[in-house]
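J.: Contents are mmCIF, C-alpha atoms; file name data_32.cif:
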data_input
loop_
_atom_site.label_atom_id
_atom_site.label_comp_id
_atom_site.auth_asym_id
_atom_site.auth_seq_id
_atom_site.Cartn_x
_atom_site.Cartn_y
_atom_site.Cartn_z
CA MET H 1 21.86 -5.30 22.09
CA ARG H 2 22.12 -7.61 19.12
CA ASN H 3 19.43 -7.48 16.44
CA ILE H 4 19.62 -10.64 14.34
CA GLY H 5 17.80 -8.93 11.46
CA ASP H 6 20.25 -6.03 11.32
CA GLU H 7 23.11 -8.48 11.55
CA LEU H 8 22.04 -10.93 8.85
CA CYS H 9 20.92 -8.28 6.34
CA SER H 10 24.54 -7.41 5.60
CA PRO H 11 25.82 -8.76 2.25
CA ARG H 12 29.15 -9.63 3.88
CA HIS H 13 27.56 -12.82 5.26
CA TYR H 14 26.80 -14.10 1.79
CA PHE H 15 29.36 -12.58 -0.58
CA ARG H 16 33.13 -12.15 -0.71
CA PHE H 17 34.11 -8.76 -2.12
CA VAL H 18 37.42 -8.41 -3.96
CA ALA H 19 38.15 -4.70 -4.18
CA SER H 20 39.09 -2.86 -7.34
CA GLU H 21 41.35 0.17 -7.49
CA ARG H 22 38.31 2.36 -6.92
CA PRO H 23 37.36 2.43 -3.20
CA VAL H 24 33.71 1.51 -2.75
CA THR H 25 31.67 0.99 0.43
CA VAL H 26 28.65 -1.31 0.44
CA MET H 27 25.80 -0.12 2.66
CA GLY H 28 23.58 -3.13 3.08
CA GLY H 29 20.22 -3.74 4.67
CA GLY H 30 18.49 -1.97 7.49
CA VAL H 31 16.09 0.98 7.54
CA PHE H 32 17.23 4.48 6.69
CA GLN H 33 14.45 6.99 6.12
CA ASP H 34 17.01 9.27 4.44
CA LEU H 35 18.58 6.25 2.66
CA GLY H 36 21.69 6.62 4.80
CA GLU H 37 22.52 10.21 3.86
CA LYS H 38 23.33 11.28 7.43
CA ALA H 39 25.28 8.10 8.20
CA LEU H 40 27.35 8.48 5.04
CA SER H 41 28.00 12.14 5.78
CA ARG H 42 29.30 11.25 9.26
CA LEU H 43 31.67 8.75 7.63
CA GLY H 44 32.84 11.34 5.11
CA LEU H 45 31.66 9.24 2.15
CA ALA H 46 30.41 10.75 -1.08
CA PRO H 47 27.51 9.01 -2.89
CA THR H 48 29.88 8.09 -5.75
CA GLN H 49 31.80 5.91 -3.28
CA VAL H 50 28.76 3.98 -2.02
CA VAL H 51 26.59 1.08 -3.14
CA LEU H 52 23.13 0.68 -1.55
CA TRP H 53 22.23 -3.01 -1.21
CA GLY H 54 18.65 -3.74 -0.17
CA VAL H 55 18.17 -0.69 2.05
CA GLY H 56 14.63 -0.06 3.32
CA ARG H 57 12.50 2.84 4.46
CA SER H 58 9.81 3.10 7.12
CA ASN H 59 6.99 5.59 7.74
CA LYS H 60 5.39 5.24 11.14
CA ARG H 61 2.24 7.31 10.52
CA ALA H 62 -0.96 5.32 10.14
CA ALA H 63 -1.89 4.52 6.54
CA SER H 64 1.40 6.05 5.40
CA ARG H 65 2.82 5.16 2.01
CA LEU H 66 6.30 5.40 0.54
CA ILE H 67 7.05 7.89 -2.20
CA PRO H 68 8.56 5.79 -5.03
CA ILE H 69 12.13 6.67 -6.02
CA ASN H 70 13.44 6.49 -9.58
CA ASP H 71 16.89 8.06 -9.26
CA LEU H 72 19.66 8.16 -6.65
CA PRO H 73 23.25 9.48 -6.94
CA TYR H 74 24.91 6.10 -6.31
CA PRO H 75 26.82 4.11 -8.94
CA ALA H 76 24.64 1.09 -8.06
CA TRP H 77 21.64 0.83 -5.79
CA GLY H 78 18.61 -1.27 -4.97
CA LEU H 79 15.86 -0.87 -2.34
CA ARG H 80 14.07 -3.73 -0.63
CA ASP H 81 10.56 -2.19 -0.79
CA ARG H 82 8.97 -2.88 -4.17
CA ASP H 83 6.48 -0.05 -3.61
CA GLY H 84 9.41 2.25 -2.84
CA VAL H 85 10.88 2.21 -6.36
CA THR H 86 9.34 3.12 -9.69
CA ASP H 87 10.82 0.23 -11.66
CA GLU H 88 11.67 -3.44 -11.12
CA ALA H 89 15.33 -2.82 -11.96
CA HIS H 90 15.93 -1.08 -8.62
CA PHE H 91 13.98 -3.56 -6.51
CA LEU H 92 16.47 -5.54 -4.41
CA PRO H 93 15.03 -7.79 -1.68
CA CYS H 94 16.86 -8.06 1.62
CA VAL H 95 19.94 -10.20 0.99
CA SER H 96 19.16 -12.36 4.03
CA CYS H 97 16.93 -14.37 1.67
CA LEU H 98 20.21 -16.19 0.94
CA HIS H 99 20.49 -17.54 4.48
CA PRO H 100 20.48 -21.38 4.47
CA MET H 101 18.09 -21.59 7.43
CA LEU H 102 15.29 -20.67 5.03
CA ASP H 103 15.80 -23.98 3.19
CA GLN H 104 15.05 -26.12 6.25
CA SER H 105 11.99 -28.34 6.28
CA ILE H 106 9.46 -27.48 8.97
CA ALA H 107 9.58 -30.39 11.38
CA GLY H 108 7.27 -29.27 14.20
CA ASP H 109 3.68 -28.06 14.51
CA GLY H 110 4.13 -25.42 17.21
CA THR H 111 3.68 -21.65 17.33
CA LEU H 112 6.56 -19.22 17.74
CA LEU H 113 6.02 -15.77 19.24
CA PHE H 114 9.01 -13.85 17.87
CA VAL H 115 9.32 -10.39 19.43
CA ASN H 116 11.54 -7.41 18.72
CA ALA H 117 13.78 -6.95 21.78
CA ASP H 118 14.35 -3.22 21.25
CA PRO H 119 12.55 -1.38 24.10
CA ARG H 120 11.71 1.37 21.61
CA VAL H 121 9.59 -1.20 19.77
CA THR H 122 8.51 -3.56 22.55
CA ARG H 123 8.38 -2.01 26.01
CA PRO H 124 9.75 -4.19 28.86
CA HIS H 125 6.25 -4.27 30.38
CA ASP H 126 4.90 -5.66 27.08
CA THR H 127 7.72 -8.20 26.86
CA ARG H 128 6.85 -9.61 30.26
CA ALA H 129 3.15 -9.75 29.39
CA LEU H 130 3.93 -11.53 26.11
CA GLN H 131 6.17 -14.05 27.89
CA ARG H 132 3.26 -14.89 30.19
CA LEU H 133 0.88 -15.14 27.22
CA ALA H 134 3.24 -17.47 25.36
CA LYS H 135 3.60 -19.72 28.39
CA ALA H 136 -0.17 -19.89 28.85
CA LYS H 137 -0.71 -20.75 25.18
CA GLY H 138 2.13 -23.25 24.95
CA TRP H 139 4.00 -21.12 22.39
CA GLN H 140 7.74 -20.80 22.08
CA PHE H 141 8.89 -17.27 22.98
CA LEU H 142 11.97 -15.82 21.32
CA GLN H 143 13.35 -12.32 20.79
CA ASN H 144 15.38 -10.97 17.90
CA SER H 145 18.42 -10.62 20.16
CA CYS H 146 18.78 -14.40 19.80
CA SER H 147 21.59 -16.33 18.15
CA ASP H 148 21.51 -17.55 14.55
CA GLU H 149 21.27 -21.13 15.84
CA ASP H 150 18.26 -20.35 18.06
CA MET H 151 16.49 -18.63 15.16
CA ALA H 152 17.09 -21.54 12.80
CA ALA H 153 15.92 -24.07 15.41
CA ALA H 154 12.77 -22.07 16.16
CA LEU H 155 11.82 -21.84 12.49
CA GLN H 156 12.30 -25.57 12.11
CA SER H 157 10.28 -26.45 15.22
CA ASN H 158 7.23 -24.24 14.61
CA ARG H 159 4.76 -24.15 11.73
CA ARG H 160 3.19 -20.86 12.78
CA VAL H 161 4.87 -17.54 13.69
CA ILE H 162 3.43 -14.42 15.32
CA THR H 163 5.80 -11.48 15.16
CA ASN H 164 6.34 -7.73 15.36
CA SER H 165 9.78 -8.13 13.74
CA PHE H 166 10.27 -7.22 10.07
CA HIS H 167 12.87 -9.91 9.51
CA GLY H 168 10.93 -12.38 11.61
CA ALA H 169 8.04 -11.98 9.16
CA TYR H 170 10.35 -11.97 6.11
CA TRP H 171 12.15 -15.19 7.02
CA SER H 172 9.01 -16.96 8.22
CA LEU H 173 7.08 -16.25 5.03
CA LEU H 174 10.02 -17.10 2.74
CA SER H 175 10.49 -20.43 4.52
CA GLY H 176 6.84 -21.48 4.15
CA HIS H 177 5.43 -20.71 7.58
CA GLU H 178 1.96 -19.48 8.48
CA VAL H 179 2.43 -15.98 9.87
CA GLN H 180 0.54 -13.25 11.68
CA VAL H 181 2.23 -9.86 11.50
CA VAL H 182 1.75 -7.16 14.12
CA GLY H 183 3.45 -4.07 12.71
CA TYR H 184 3.92 -0.40 13.49
CA SER H 185 5.02 1.17 10.21
CA SER H 186 4.88 1.09 6.42
CA LYS H 187 7.80 -1.34 6.21
CA PHE H 188 5.55 -4.23 7.25
CA GLU H 189 2.88 -3.35 4.70
CA SER H 190 5.60 -2.93 2.05
CA LEU H 191 6.97 -6.35 2.95
CA LEU H 192 3.62 -8.07 2.59
CA SER H 193 2.79 -6.40 -0.70
CA THR H 194 6.31 -7.14 -1.99
CA LEU H 195 5.76 -10.82 -1.20
CA GLY H 196 2.38 -10.81 -2.91
CA ALA H 197 0.52 -11.21 0.39
CA ASN H 198 -2.48 -9.18 1.58
CA ALA H 199 -1.13 -6.18 3.48
CA HIS H 200 -4.57 -5.57 5.01
CA GLN H 201 -4.16 -8.72 7.10
CA MET H 202 -1.48 -7.02 9.17
CA LEU H 203 -2.52 -5.93 12.66
CA ARG H 204 -1.14 -2.48 13.42
CA TYR H 205 -0.09 -0.99 16.73
CA GLN H 206 1.54 2.29 17.64
CA LYS H 207 5.21 2.12 18.43
CA PRO H 208 5.89 3.60 21.90
CA ARG H 209 7.04 7.19 21.83
CA LYS H 210 9.99 8.43 23.81
CA TYR H 211 9.04 10.85 26.60
CA ALA H 212 5.37 9.93 26.24
CA LEU H 213 4.98 7.74 29.34
CA ARG H 214 1.48 8.90 30.25
CA ARG H 215 0.14 8.36 26.75
CA TRP H 216 1.82 4.96 26.63
CA LEU H 217 0.35 3.88 30.00
CA ALA H 218 -3.08 4.95 28.82
CA ARG H 219 -2.70 2.90 25.65
CA LEU H 220 -1.86 -0.29 27.56
CA SER H 221 -5.54 -0.82 28.31
CA GLN H 222 -6.75 0.23 24.88
CA ALA H 223 -7.52 -1.90 21.87
CA GLY H 224 -4.68 -1.60 19.39
CA SER H 225 -1.81 -1.97 21.85
CA LEU H 226 0.89 -4.52 21.00
CA VAL H 227 -0.25 -6.96 23.70
CA HIS H 228 -3.89 -6.61 22.70
CA GLN H 229 -3.11 -7.23 19.03
CA ILE H 230 -1.06 -10.34 19.80
CA GLN H 231 -3.87 -11.59 22.04
CA ARG H 232 -6.12 -11.21 18.98
CA CYS H 233 -3.69 -13.39 17.03
CA ALA H 234 -4.26 -16.15 19.57
CA THR H 235 -7.91 -16.45 18.55
CA ALA H 236 -7.82 -15.25 14.94
CA ASP H 237 -7.65 -17.64 12.02
CA GLN H 238 -6.08 -15.18 9.58
CA TRP H 239 -2.69 -16.69 8.95
CA ILE H 240 -0.69 -15.39 6.00
CA ARG H 241 1.12 -18.00 3.95
CA LEU H 242 2.76 -17.74 0.53
CA ASP H 243 1.34 -20.09 -2.08
CA ASP H 244 4.85 -21.02 -3.25
CA ALA H 245 7.43 -19.77 -0.75
CA LYS H 246 10.27 -21.65 -2.43
CA ALA H 247 9.62 -19.96 -5.79
CA VAL H 248 9.55 -16.51 -4.18
CA ARG H 249 12.70 -17.27 -2.19
CA GLU H 250 14.54 -18.43 -5.30
CA ARG H 251 13.43 -15.37 -7.29
CA PHE H 252 14.67 -13.05 -4.53
CA ARG H 253 17.99 -14.90 -4.49
CA ARG H 254 18.42 -14.55 -8.25
CA ILE H 255 17.79 -10.80 -8.00
CA ASN H 256 20.58 -10.52 -5.41
CA LEU H 257 22.95 -12.62 -7.52
CA ARG H 258 22.31 -10.42 -10.55
CA PHE H 259 23.04 -7.34 -8.46
CA ALA H 260 26.36 -8.87 -7.39
CA GLU H 261 27.20 -9.48 -11.05
CA LYS H 262 26.28 -5.88 -11.83
CA LEU H 263 28.87 -4.61 -9.32
CA THR H 264 31.55 -6.61 -11.14
CA SER H 265 30.47 -5.61 -14.66
CA ALA H 266 30.44 -1.96 -13.58
CA GLN H 267 34.02 -2.47 -12.29
CA LEU H 268 33.05 -1.36 -8.80
CA PHE H 269 34.70 -4.59 -7.56
CA LYS H 270 37.07 -7.03 -9.22
CA ARG H 271 34.86 -9.88 -8.05
CA VAL H 272 31.80 -10.41 -5.88
CA GLU H 273 31.67 -14.12 -5.05
CA LEU H 274 28.88 -16.08 -3.39
CA ILE H 275 30.33 -17.68 -0.27
CA GLN H 276 28.21 -20.84 -0.37
CA PRO H 277 25.82 -22.31 -2.96
CA VAL H 278 22.09 -21.79 -2.53
CA ASP H 279 18.99 -23.01 -4.35
CA CYS H 280 17.96 -20.39 -6.90
#
In structure tokens, what does this structure look like?
T.:
Amino acid sequence: MRNIGDELCSPRHYFRFVASERPVTVMGGGVFQDLGEKALSRLGLAPTQVVLWGVGRSNKRAASRLIPINDLPYPAWGLRDRDGVTDEAHFLPCVSCLHPMLDQSIAGDGTLLFVNADPRVTRPHDTRALQRLAKAKGWQFLQNSCSDEDMAAALQSNRRVITNSFHGAYWSLLSGHEVQVVGYSSKFESLLSTLGANAHQMLRYQKPRKYALRRWLARLSQAGSLVHQIQRCATADQWIRLDDAKAVRERFRRINLRFAEKLTSAQLFKRVELIQPVDC
């Protein structure tokens, strides 16, 4: 199943890499609690051959916090969670901030319910309930298995977004929308604090556990379930909106452009070229 967030967080969509004599692999975007150590080991890659570009971490325990990192064995690296690094130099926002859909003007006044399609995050039973809720409320319903074109059109047509998708929240806030975030791990709180928003405004739910069907069925009727929290969004007036989304978006873009320049100056690549101009 396609995940538009995982797809668009790869630097290959925004930069052209001209290799040097030294073979280097760019590992971009996504969540890796071990910062990709297992994945790299399976590929037979040593840390000296790898660049980390905007990789994130995620703790699912309630009130969990990231342990800040100050040193990694990579020739160049940056993490997308500002609270996950000890210094600004290694903060690298998700590169999808460069996507041109974030520069669109908001033309409509609707509400988008943007839901993670992964059944490990949103159970099929919840998806059906949320589709019914969206229809009753007159909201647009969309999942993160959608196309780039559908995502861009939905952001343009709706002023408000309710989501349990990390990238759904990221793109919506960076493009000036009013957002309610229903999250299940530290990555959502990290995102809000990174953007200068109030992380306490996030509604939390527990991500369904594999092989825990009875506990999950019991939780369906309890306050704090995904459906219950999104129902709360329907009546709550606690929308999160950045005071100056364009300024934040441009700052995040400049950070990514400086990181690209760093890869060239460190001779990890001959050139790293931006594919298309963006406002920054």
J.: I'd like the contact shell of Glu261 (chain H) - 9 Å cut-off, all atoms listed in the file, skipping same-chain residues fewer than 6 positions apart - returned as a list of chain:residue names.
T.: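 Result of the neighbour search: H:Arg271, H:Val272, H:Glu273.
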J.: Could you list, as a PyMOL selection string, every residue matched by the PyMOL selection byres ((chain H and resi 193-198) around 9) in this structure?
T.: chain H and resi 80-83+93+170+173-174+188-192+199-202+240-242+248
J.: Compare H:Asp87, H:Ile275, H:Trp239, H:His99 by their minimum atom-to-atom distance to Asp148 (chain H), counting only C-alpha atoms, and give me the closest one.
T.: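 Smallest separation from Asp148 (chain H) among the options: H:His99.
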J.: So, with only C-alpha atoms as the atoms that count, which of H:Lys187, H:Arg160, H:Arg12, H:Arg123 lies closest to Arg57 (chain H)?
T.: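 Selected residue with least distance to Arg57 (chain H): H:Lys187.
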J.: Running the PyMOL selection byres ((chain H and resi 31-40) around 12) on this model by hand, what would come out? Give it as JSON, numbers by chain.
T.: {"H": [5, 6, 9, 25, 26, 27, 28, 29, 30, 41, 42, 43, 44, 45, 46, 47, 48, 49, 50, 51, 52, 53, 54, 55, 56, 57, 58, 59, 60, 66, 67, 69, 72, 73, 74, 77, 78, 79, 80, 81, 84, 94, 166, 167, 185, 186, 187, 188]}
J.: Check the smallest atom-to-atom distance from each of H:Ser172, H:Thr122, H:Thr127, H:Asn116 to Leu102 (chain H) using all atoms listed in the file, then report the winner.
T.: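 Counting all atoms listed in the file, the residue closest to Leu102 (chain H) is H:Ser172.
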J.: As an exercise, work out the distance from CA of Arg254 (chain H) to CA of Gln267 (chain H) in Å and give it to one decimal place.
T.: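 It comes out at 20.1 Å.
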J.: Could you work out an axis-aligned bounding box for all listed atoms of region 258-268 of chain H, with 5 Å added on each of the six sides, and give its centre and edge lengths in Å to one decimal, as lines of an AutoDock Vina configuration file?
T.:
center_x = 28.2
center_y = -5.9
center_z = -11.0
size_x = 21.7
size_y = 19.1
size_z = 17.3
J.: Would you pick out the contacts of Gln238 (chain H) at 9 Å or less, using all atoms listed in the file, so that residues sharing its chain but fewer than 3 positions from it are not included, and give the list as number ranges by chain?
T.: H: 179-180, 201, 233
J.: Filtering to C-alpha atoms, could you give me those residues as a PDB file, in the frame of the given file?
T.:
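Written file, part-v5.pdb:
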ATOM      1  CA  VAL H 179       2.430 -15.980   9.870  1.00  0.00           C
ATOM      2  CA  GLN H 180       0.540 -13.250  11.680  1.00  0.00           C
ATOM      3  CA  GLN H 201      -4.160  -8.720   7.100  1.00  0.00           C
ATOM      4  CA  CYS H 233      -3.690 -13.390  17.030  1.00  0.00           C
TER       5      CYS H 233
END
